[in-house]
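What follows is a set of notes on a single structure, which appears directly below.
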Amino acid sequence: MCYGYGPSRRSLLAAGLGLGAAAFAAASPAAAAATPHHPGKNRIPHDQISIQVYTLRDDLAQNYDATLSYLAEIGYPKVELALGYFGRTAQQLRAFLDGLGIRSTSSHDGISPDDAALDTKISNALTLGQSYIVVPYLNSTSLDEWKGWAERMNVEAAAARSAGLRYGYHNHAHEFTTDLGGGKTPWDVLMSELDPRLVHLEIDLYWAVTGGVGRGASDPVGFALNVIRRAPQRVLQFHVKDRHLDGDMADLGTGTIDFRRIFDKHQVKEYIVENDTPDVTPRRTAEVGYRYLRKLRY
């Protein structure tokens, strides 16, 4: 999930990252063609396909039940929750999802303000039957603040692990492009401070590629692959969203990211469809994303 930081986050693509025509060209289909990949026989297992419900936040606000029912009709076996439970308790939401035949295996939850809130977060995740809790967004230009967040995430991850849950962090682009001093980035801090025995990564492929563009990488997909390969922490989840040539988010299969190349090099436990700015409608994004992942061979 990329949370509701719409204008400021989209301005990242132009102002915050200082992107120009040359940088966008680096993410073009022509650049991707420089490293051709021929589809293989591997396919993503159906039970590993999910969707971040933030993609359908407007639909959820209008009719939560109908929106989740529609995801079940499309064929999604699981969802990643965000934005709360829309008036239900965790137990009530679990019963509703069970009735639809959908599992909530993951959720986006910020760092808890205190231990009591952490206990509630873990208890709700267990009630829902989740495997993962993921911190969706942090942003600061302070080195000390990033170190403090990493320390707290390690504490929360230890508590989650004791309860049988995995605890992760979800990236955006600024972790790769913000200079905290001396060339050190937030990603450098997280990679050195997050305990790899406790914290895993949910790599948002759109934002990792965008981070590569922001860093001036000639091969932004290669940059994303290096992020995955070099991380001390395990990468267990992907947010799968595509990228238009102008830098905006795209429905899967309509943009420039070579997902076959990525999936061939690294497989994960969950492939989570997401698009903060659906090309047509949120429901259409959900349909296109599901079909794309079901048919993709790598």
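FYI, nothing fancy with the structure tokens labels: chains A, B, ... in order, residues from 1 per chain, ligands from 1 as they appear.
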
Query raised in the report: region 196-206 of chain A: which residues within 8 Å, counting only C-alpha atoms, same-chain residues fewer than 5 positions away excluded, as a ChimeraX atom specification?
Result: /A:134,153-154,157-158,161,166-172,224,228,232-243,249,257

Just N, CA and C atoms for this one: save the residues we selected as an mmCIF file, in the first residue's frame.
```cif
data_model
loop_
_atom_site.group_PDB
_atom_site.id
_atom_site.type_symbol
_atom_site.label_atom_id
_atom_site.label_comp_id
_atom_site.auth_asym_id
_atom_site.auth_seq_id
_atom_site.Cartn_x
_atom_site.Cartn_y
_atom_site.Cartn_z
ATOM 1 N N VAL A 134 2.868 -5.850 8.008
ATOM 2 C CA VAL A 134 3.855 -5.082 7.245
ATOM 3 C C VAL A 134 3.710 -3.590 7.539
ATOM 4 N N MET A 153 11.022 -1.388 15.117
ATOM 5 C CA MET A 153 10.523 -2.478 14.287
ATOM 6 C C MET A 153 11.107 -3.820 14.715
ATOM 7 N N ASN A 154 12.359 -3.826 15.123
ATOM 8 C CA ASN A 154 12.945 -5.066 15.631
ATOM 9 C C ASN A 154 12.219 -5.557 16.874
ATOM 10 N N ALA A 157 8.862 -6.841 15.749
ATOM 11 C CA ALA A 157 9.040 -8.083 15.001
ATOM 12 C C ALA A 157 9.290 -9.261 15.937
ATOM 13 N N ALA A 158 10.020 -9.017 17.012
ATOM 14 C CA ALA A 158 10.264 -10.089 17.986
ATOM 15 C C ALA A 158 8.957 -10.520 18.643
ATOM 16 N N ARG A 161 6.982 -12.467 16.033
ATOM 17 C CA ARG A 161 7.531 -13.804 15.839
ATOM 18 C C ARG A 161 7.133 -14.732 16.980
ATOM 19 N N ARG A 166 5.004 -13.143 10.895
ATOM 20 C CA ARG A 166 6.176 -12.515 10.293
ATOM 21 C C ARG A 166 5.899 -11.021 10.167
ATOM 22 N N TYR A 167 6.959 -10.233 10.329
ATOM 23 C CA TYR A 167 6.857 -8.781 10.392
ATOM 24 C C TYR A 167 7.743 -8.195 9.310
ATOM 25 N N GLY A 168 7.166 -7.334 8.464
ATOM 26 C CA GLY A 168 7.930 -6.838 7.330
ATOM 27 C C GLY A 168 7.887 -5.337 7.145
ATOM 28 N N TYR A 169 8.667 -4.879 6.174
ATOM 29 C CA TYR A 169 8.711 -3.464 5.797
ATOM 30 C C TYR A 169 8.481 -3.343 4.303
ATOM 31 N N HIS A 170 7.653 -2.361 3.912
ATOM 32 C CA HIS A 170 7.298 -2.083 2.523
ATOM 33 C C HIS A 170 7.963 -0.781 2.088
ATOM 34 N N ASN A 171 8.686 -0.837 0.982
ATOM 35 C CA ASN A 171 9.457 0.325 0.508
ATOM 36 C C ASN A 171 8.659 1.235 -0.407
ATOM 37 N N HIS A 172 9.146 2.478 -0.516
ATOM 38 C CA HIS A 172 8.773 3.394 -1.583
ATOM 39 C C HIS A 172 10.067 3.737 -2.322
ATOM 40 N N ALA A 224 16.413 -2.723 -9.233
ATOM 41 C CA ALA A 224 15.470 -3.381 -8.330
ATOM 42 C C ALA A 224 15.934 -4.794 -7.992
ATOM 43 N N ILE A 228 16.920 -6.469 -4.226
ATOM 44 C CA ILE A 228 16.448 -7.753 -3.704
ATOM 45 C C ILE A 228 17.626 -8.663 -3.363
ATOM 46 N N PRO A 232 20.066 -8.128 3.249
ATOM 47 C CA PRO A 232 20.295 -9.181 4.248
ATOM 48 C C PRO A 232 18.986 -9.850 4.685
ATOM 49 N N GLN A 233 17.900 -9.082 4.638
ATOM 50 C CA GLN A 233 16.606 -9.602 5.038
ATOM 51 C C GLN A 233 15.996 -10.423 3.890
ATOM 52 N N ARG A 234 15.136 -11.362 4.237
ATOM 53 C CA ARG A 234 14.462 -12.163 3.226
ATOM 54 C C ARG A 234 13.362 -11.336 2.550
ATOM 55 N N VAL A 235 13.240 -11.493 1.253
ATOM 56 C CA VAL A 235 12.154 -10.872 0.509
ATOM 57 C C VAL A 235 11.067 -11.929 0.329
ATOM 58 N N LEU A 236 9.963 -11.758 1.045
ATOM 59 C CA LEU A 236 8.908 -12.767 1.060
ATOM 60 C C LEU A 236 7.658 -12.345 0.309
ATOM 61 N N GLN A 237 7.518 -11.043 0.046
ATOM 62 C CA GLN A 237 6.325 -10.534 -0.620
ATOM 63 C C GLN A 237 6.729 -9.495 -1.669
ATOM 64 N N PHE A 238 5.985 -9.483 -2.768
ATOM 65 C CA PHE A 238 6.119 -8.435 -3.782
ATOM 66 C C PHE A 238 4.816 -7.654 -3.861
ATOM 67 N N HIS A 239 4.910 -6.329 -3.977
ATOM 68 C CA HIS A 239 3.809 -5.536 -4.499
ATOM 69 C C HIS A 239 4.063 -5.421 -5.988
ATOM 70 N N VAL A 240 3.111 -5.898 -6.770
ATOM 71 C CA VAL A 240 3.293 -5.951 -8.215
ATOM 72 C C VAL A 240 2.426 -4.868 -8.848
ATOM 73 N N LYS A 241 3.054 -3.785 -9.206
ATOM 74 C CA LYS A 241 2.374 -2.723 -9.939
ATOM 75 C C LYS A 241 3.291 -2.260 -11.060
ATOM 76 N N ASP A 242 2.706 -1.916 -12.182
ATOM 77 C CA ASP A 242 3.471 -1.575 -13.372
ATOM 78 C C ASP A 242 3.725 -0.071 -13.425
ATOM 79 N N ARG A 243 4.492 0.357 -14.422
ATOM 80 C CA ARG A 243 4.940 1.750 -14.495
ATOM 81 C C ARG A 243 4.847 2.252 -15.924
ATOM 82 N N MET A 249 1.865 5.153 -12.184
ATOM 83 C CA MET A 249 1.552 3.744 -11.985
ATOM 84 C C MET A 249 0.655 3.247 -13.104
ATOM 85 N N ILE A 257 7.610 -2.359 -16.937
ATOM 86 C CA ILE A 257 8.410 -3.220 -16.059
ATOM 87 C C ILE A 257 8.400 -4.660 -16.564
#
```

Rows by chain and residue number, region 96-195 of chain A within 8 Å of region 52-74 of chain A, shortest pair, only C-alpha atoms, as a Markdown table:
```
| residue | atom | partner | partner_atom | distance |
| --- | --- | --- | --- | --- |
| A:Leu100 | CA | A:Ala72 | CA | 6.3 |
| A:Gly101 | CA | A:Ala72 | CA | 7.0 |
| A:Ile102 | CA | A:Ala72 | CA | 6.4 |
```

Requested in this report: Mind checking which residues fall within 9 Å of Gly222 (chain A), counting only C-alpha atoms, ignoring those fewer than 5 positions away in the same chain, and posting them as a VMD selection string?
Outcome: chain A and resid 209 212 217 227 262

Could you save those same residues with all heavy atoms as a compact mmCIF listing (two decimals), in the first residue's frame?
```
# COMPACT_ATOMS: atom_id res chain seq x y z
N VAL A 209 11.86 0.16 -8.85
CA VAL A 209 12.27 0.59 -10.19
C VAL A 209 12.34 2.11 -10.26
O VAL A 209 13.29 2.69 -10.81
CB VAL A 209 11.30 0.04 -11.25
CG1 VAL A 209 11.54 0.70 -12.61
CG2 VAL A 209 11.46 -1.48 -11.38
N GLY A 212 15.39 3.31 -8.80
CA GLY A 212 16.50 3.16 -9.74
C GLY A 212 16.55 4.30 -10.74
O GLY A 212 17.62 4.82 -11.06
N ALA A 217 19.98 5.08 -12.69
CA ALA A 217 20.40 3.76 -13.15
C ALA A 217 20.07 3.59 -14.63
O ALA A 217 18.98 3.93 -15.08
CB ALA A 217 19.70 2.67 -12.34
N VAL A 227 18.59 -4.59 -5.43
CA VAL A 227 18.01 -4.32 -4.12
C VAL A 227 17.58 -5.63 -3.46
O VAL A 227 17.86 -5.88 -2.28
CB VAL A 227 16.80 -3.37 -4.26
CG1 VAL A 227 15.95 -3.36 -2.98
CG2 VAL A 227 17.28 -1.96 -4.58
N ILE A 262 12.16 -10.29 -13.42
CA ILE A 262 12.26 -10.23 -11.96
C ILE A 262 11.88 -11.56 -11.34
O ILE A 262 12.59 -12.10 -10.48
CB ILE A 262 11.37 -9.10 -11.41
CG1 ILE A 262 11.87 -7.73 -11.91
CG2 ILE A 262 11.34 -9.13 -9.88
CD1 ILE A 262 10.93 -6.58 -11.60
```

Requested in this report: Can you pull out every residue within 12 Å of Asp251 (chain A), counting only C-alpha atoms, but drop anything in the same chain fewer than 3 positions away, and send it as a PyMOL selection string?
Outcome: chain A and resi 55+206+240-244+248+254-257+273-293

Can you spit out the residues from that selection as a PDB file, in the first residue's frame, using C-alpha atoms?
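Written file, again20.pdb:
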```
ATOM      1  CA  THR A  55      -6.236  -0.165  -4.637  1.00  0.00           C
ATOM      2  CA  TYR A 206       7.167  -0.112  -8.952  1.00  0.00           C
ATOM      3  CA  VAL A 240       3.293  -5.951  -8.215  1.00  0.00           C
ATOM      4  CA  LYS A 241       2.374  -2.723  -9.939  1.00  0.00           C
ATOM      5  CA  ASP A 242       3.471  -1.575 -13.372  1.00  0.00           C
ATOM      6  CA  ARG A 243       4.940   1.750 -14.495  1.00  0.00           C
ATOM      7  CA  HIS A 244       3.975   3.915 -17.439  1.00  0.00           C
ATOM      8  CA  ASP A 248       2.840   7.051 -13.328  1.00  0.00           C
ATOM      9  CA  THR A 254       0.322  -2.204 -19.658  1.00  0.00           C
ATOM     10  CA  GLY A 255       3.559  -0.558 -18.552  1.00  0.00           C
ATOM     11  CA  THR A 256       7.315  -0.904 -18.893  1.00  0.00           C
ATOM     12  CA  ILE A 257       8.410  -3.220 -16.059  1.00  0.00           C
ATOM     13  CA  VAL A 273      -1.536  -6.663  -7.072  1.00  0.00           C
ATOM     14  CA  GLU A 274      -1.626  -2.921  -6.434  1.00  0.00           C
ATOM     15  CA  ASN A 275      -2.185   0.327  -8.291  1.00  0.00           C
ATOM     16  CA  ASP A 276      -2.833   3.540  -6.367  1.00  0.00           C
ATOM     17  CA  THR A 277      -4.008   5.280  -9.553  1.00  0.00           C
ATOM     18  CA  PRO A 278      -6.069   2.751 -11.540  1.00  0.00           C
ATOM     19  CA  ASP A 279      -5.970   3.307 -15.286  1.00  0.00           C
ATOM     20  CA  VAL A 280      -9.744   2.931 -15.727  1.00  0.00           C
ATOM     21  CA  THR A 281     -11.511   1.864 -12.527  1.00  0.00           C
ATOM     22  CA  PRO A 282     -10.281   0.080  -9.378  1.00  0.00           C
ATOM     23  CA  ARG A 283     -12.326  -2.992 -10.262  1.00  0.00           C
ATOM     24  CA  ARG A 284     -10.823  -3.050 -13.738  1.00  0.00           C
ATOM     25  CA  THR A 285      -7.352  -2.829 -12.197  1.00  0.00           C
ATOM     26  CA  ALA A 286      -8.175  -5.800  -9.972  1.00  0.00           C
ATOM     27  CA  GLU A 287      -9.405  -7.837 -12.952  1.00  0.00           C
ATOM     28  CA  VAL A 288      -6.432  -6.991 -15.152  1.00  0.00           C
ATOM     29  CA  GLY A 289      -3.951  -7.691 -12.371  1.00  0.00           C
ATOM     30  CA  TYR A 290      -5.429 -11.068 -11.510  1.00  0.00           C
ATOM     31  CA  ARG A 291      -5.539 -12.214 -15.123  1.00  0.00           C
ATOM     32  CA  TYR A 292      -1.996 -10.995 -15.759  1.00  0.00           C
ATOM     33  CA  LEU A 293      -0.516 -12.933 -12.852  1.00  0.00           C
TER      34      LEU A 293
END
```

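Around Gln91 (chain A), within 8 Å and counting only C-alpha atoms, the residues found are A:Asn124, A:Thr127, A:Leu128, once anything fewer than 5 positions away on its own chain is removed.
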
Using N, CA, C and O atoms, can you write the selected residues to a file as a short mmCIF file (atom, residue, chain, number, x, y, z; two decimals), in the first residue's frame?
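For reference, out-v6.cif as written:
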```
data_model
loop_
_atom_site.label_atom_id
_atom_site.label_comp_id
_atom_site.auth_asym_id
_atom_site.auth_seq_id
_atom_site.Cartn_x
_atom_site.Cartn_y
_atom_site.Cartn_z
N ASN A 124 -5.30 -8.98 16.61
CA ASN A 124 -6.19 -8.88 15.46
C ASN A 124 -5.66 -9.69 14.28
O ASN A 124 -6.44 -10.36 13.57
N THR A 127 -6.38 -13.30 14.89
CA THR A 127 -7.81 -13.58 14.72
C THR A 127 -8.17 -13.69 13.25
O THR A 127 -8.96 -14.55 12.84
N LEU A 128 -7.58 -12.84 12.44
CA LEU A 128 -7.86 -12.83 11.00
C LEU A 128 -7.17 -13.97 10.26
O LEU A 128 -7.46 -14.21 9.09
#
```

Query raised in the report: So which residues touch Glu151 (chain A) within 10 Å, counting only C-alpha atoms, skipping near sequence neighbours fewer than 6 positions away, as a ChimeraX atom specification?
Result: /A:145,157,190,193-195

Writer output for current selection, C-alpha atoms, as a tab-separated table (two decimals), in the first residue's frame:
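Listed below is the output, result_11.tsv:
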```tsv
chain	number	residue	atom	x	y	z
A	145	GLU	CA	14.76	8.89	13.23
A	157	ALA	CA	9.04	-8.08	15.00
A	190	LEU	CA	17.27	-0.27	7.24
A	193	GLU	CA	19.70	-2.07	11.38
A	194	LEU	CA	16.71	-4.35	10.73
A	195	ASP	CA	17.33	-7.79	12.22
```

**Report entry** Atom-to-atom span, CA of Ala250 (chain A) and CA of Ile111 (chain A), Å
**Finding:** 28.8 Å

Requested in this report: Step one, run DSSP on the backbone; step two, keep only residues of region 182-268 of chain A assigned to strand (DSSP E); then write them as a PyMOL selection string.
Outcome: chain A and resi 199-204+235-240+242-243+249-250

Mind dumping the selected residues with N, CA and C atoms as an mmCIF file, in the first residue's frame?
```cif
data_model
loop_
_atom_site.group_PDB
_atom_site.id
_atom_site.type_symbol
_atom_site.label_atom_id
_atom_site.label_comp_id
_atom_site.auth_asym_id
_atom_site.auth_seq_id
_atom_site.Cartn_x
_atom_site.Cartn_y
_atom_site.Cartn_z
ATOM 1 N N VAL A 199 12.837 -9.546 10.673
ATOM 2 C CA VAL A 199 12.127 -8.654 9.752
ATOM 3 C C VAL A 199 12.371 -9.095 8.320
ATOM 4 N N HIS A 200 11.287 -9.206 7.552
ATOM 5 C CA HIS A 200 11.406 -9.506 6.131
ATOM 6 C C HIS A 200 11.038 -8.260 5.324
ATOM 7 N N LEU A 201 11.174 -8.352 4.018
ATOM 8 C CA LEU A 201 10.876 -7.223 3.135
ATOM 9 C C LEU A 201 9.707 -7.562 2.221
ATOM 10 N N GLU A 202 8.835 -6.576 2.067
ATOM 11 C CA GLU A 202 7.796 -6.614 1.050
ATOM 12 C C GLU A 202 8.229 -5.580 0.011
ATOM 13 N N ILE A 203 8.859 -6.050 -1.053
ATOM 14 C CA ILE A 203 9.421 -5.140 -2.050
ATOM 15 C C ILE A 203 8.328 -4.690 -3.009
ATOM 16 N N ASP A 204 8.104 -3.389 -3.042
ATOM 17 C CA ASP A 204 7.201 -2.796 -4.021
ATOM 18 C C ASP A 204 8.014 -2.569 -5.291
ATOM 19 N N VAL A 235 13.240 -11.493 1.253
ATOM 20 C CA VAL A 235 12.154 -10.872 0.509
ATOM 21 C C VAL A 235 11.067 -11.929 0.329
ATOM 22 N N LEU A 236 9.963 -11.758 1.045
ATOM 23 C CA LEU A 236 8.908 -12.767 1.060
ATOM 24 C C LEU A 236 7.658 -12.345 0.309
ATOM 25 N N GLN A 237 7.518 -11.043 0.046
ATOM 26 C CA GLN A 237 6.325 -10.534 -0.620
ATOM 27 C C GLN A 237 6.729 -9.495 -1.669
ATOM 28 N N PHE A 238 5.985 -9.483 -2.768
ATOM 29 C CA PHE A 238 6.119 -8.435 -3.782
ATOM 30 C C PHE A 238 4.816 -7.654 -3.861
ATOM 31 N N HIS A 239 4.910 -6.329 -3.977
ATOM 32 C CA HIS A 239 3.809 -5.536 -4.499
ATOM 33 C C HIS A 239 4.063 -5.421 -5.988
ATOM 34 N N VAL A 240 3.111 -5.898 -6.770
ATOM 35 C CA VAL A 240 3.293 -5.951 -8.215
ATOM 36 C C VAL A 240 2.426 -4.868 -8.848
ATOM 37 N N ASP A 242 2.706 -1.916 -12.182
ATOM 38 C CA ASP A 242 3.471 -1.575 -13.372
ATOM 39 C C ASP A 242 3.725 -0.071 -13.425
ATOM 40 N N ARG A 243 4.492 0.357 -14.422
ATOM 41 C CA ARG A 243 4.940 1.750 -14.495
ATOM 42 C C ARG A 243 4.847 2.252 -15.924
ATOM 43 N N MET A 249 1.865 5.153 -12.184
ATOM 44 C CA MET A 249 1.552 3.744 -11.985
ATOM 45 C C MET A 249 0.655 3.247 -13.104
ATOM 46 N N ALA A 250 0.785 1.955 -13.404
ATOM 47 C CA ALA A 250 0.031 1.365 -14.513
ATOM 48 C C ALA A 250 -0.564 0.038 -14.088
#
```

Counting only C-alpha atoms, what is within 7 Å of Gly211 (chain A), bar same-chain residues fewer than 5 positions away, as an mmCIF file with all heavy atoms, in the first residue's frame?
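To be explicit, this is the file written out as result32.cif:
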```cif
data_model
loop_
_atom_site.group_PDB
_atom_site.id
_atom_site.type_symbol
_atom_site.label_atom_id
_atom_site.label_comp_id
_atom_site.auth_asym_id
_atom_site.auth_seq_id
_atom_site.Cartn_x
_atom_site.Cartn_y
_atom_site.Cartn_z
ATOM 1 N N ALA A 173 10.118 4.861 -3.017
ATOM 2 C CA ALA A 173 11.333 5.225 -3.744
ATOM 3 C C ALA A 173 12.288 6.048 -2.893
ATOM 4 O O ALA A 173 13.509 5.985 -3.076
ATOM 5 C CB ALA A 173 10.979 5.990 -5.021
ATOM 6 N N HIS A 174 11.740 6.829 -1.958
ATOM 7 C CA HIS A 174 12.598 7.776 -1.239
ATOM 8 C C HIS A 174 13.628 7.086 -0.355
ATOM 9 O O HIS A 174 14.647 7.692 -0.017
ATOM 10 C CB HIS A 174 11.740 8.730 -0.396
ATOM 11 C CG HIS A 174 10.907 8.045 0.644
ATOM 12 N ND1 HIS A 174 9.611 7.668 0.410
ATOM 13 C CD2 HIS A 174 11.193 7.669 1.917
ATOM 14 C CE1 HIS A 174 9.123 7.088 1.505
ATOM 15 N NE2 HIS A 174 10.064 7.080 2.424
ATOM 16 N N PHE A 176 15.654 5.012 -1.292
ATOM 17 C CA PHE A 176 16.844 4.846 -2.123
ATOM 18 C C PHE A 176 17.449 6.169 -2.565
ATOM 19 O O PHE A 176 18.589 6.198 -3.042
ATOM 20 C CB PHE A 176 16.488 4.021 -3.369
ATOM 21 C CG PHE A 176 15.783 2.736 -3.074
ATOM 22 C CD1 PHE A 176 14.448 2.577 -3.396
ATOM 23 C CD2 PHE A 176 16.444 1.689 -2.454
ATOM 24 C CE1 PHE A 176 13.781 1.390 -3.122
ATOM 25 C CE2 PHE A 176 15.797 0.499 -2.174
ATOM 26 C CZ PHE A 176 14.458 0.346 -2.497
ATOM 27 N N THR A 177 16.714 7.261 -2.431
ATOM 28 C CA THR A 177 17.148 8.526 -3.023
ATOM 29 C C THR A 177 17.398 9.635 -2.006
ATOM 30 O O THR A 177 18.015 10.643 -2.350
ATOM 31 C CB THR A 177 16.105 9.022 -4.032
ATOM 32 O OG1 THR A 177 14.845 9.189 -3.378
ATOM 33 C CG2 THR A 177 15.930 8.029 -5.184
#
```

Query - Which of region 52-279 of chain A DSSP labels helix (DSSP H, G or I), written as a ChimeraX atom specification - result: /A:53-62,64-74,90-100,115-128,143-162,174-177,186-193,205-214,220-230,259-265

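Taking only C-alpha atoms into account, Tyr298 (chain A) lies nearest to A:Asp258 out of the set A:Asp246, A:Glu175, A:Glu80, A:Asp258.
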
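Using only C-alpha atoms, the smallest distance between any of A:Val155, A:Pro220, A:Asp264, A:Ser104 and Asn42 (chain A) comes from A:Asp264.
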
Report task. Would you mind telling me which residue in A:Ile272, A:Ile44, A:Glu156, A:Asp188 lies nearest to Asp114 (chain A) when using only C-alpha atoms? Result -> A:Glu156

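Nearest residue to Val189 (chain A), choosing from A:Arg261, A:Lys147, A:Lys121, A:His108 and counting only C-alpha atoms: A:Lys147.
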
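Distances to Asp144 (chain A) were evaluated for A:Tyr76, A:Tyr271, A:Gly181, A:Gly40 using only C-alpha atoms, and the minimum falls at A:Gly181.
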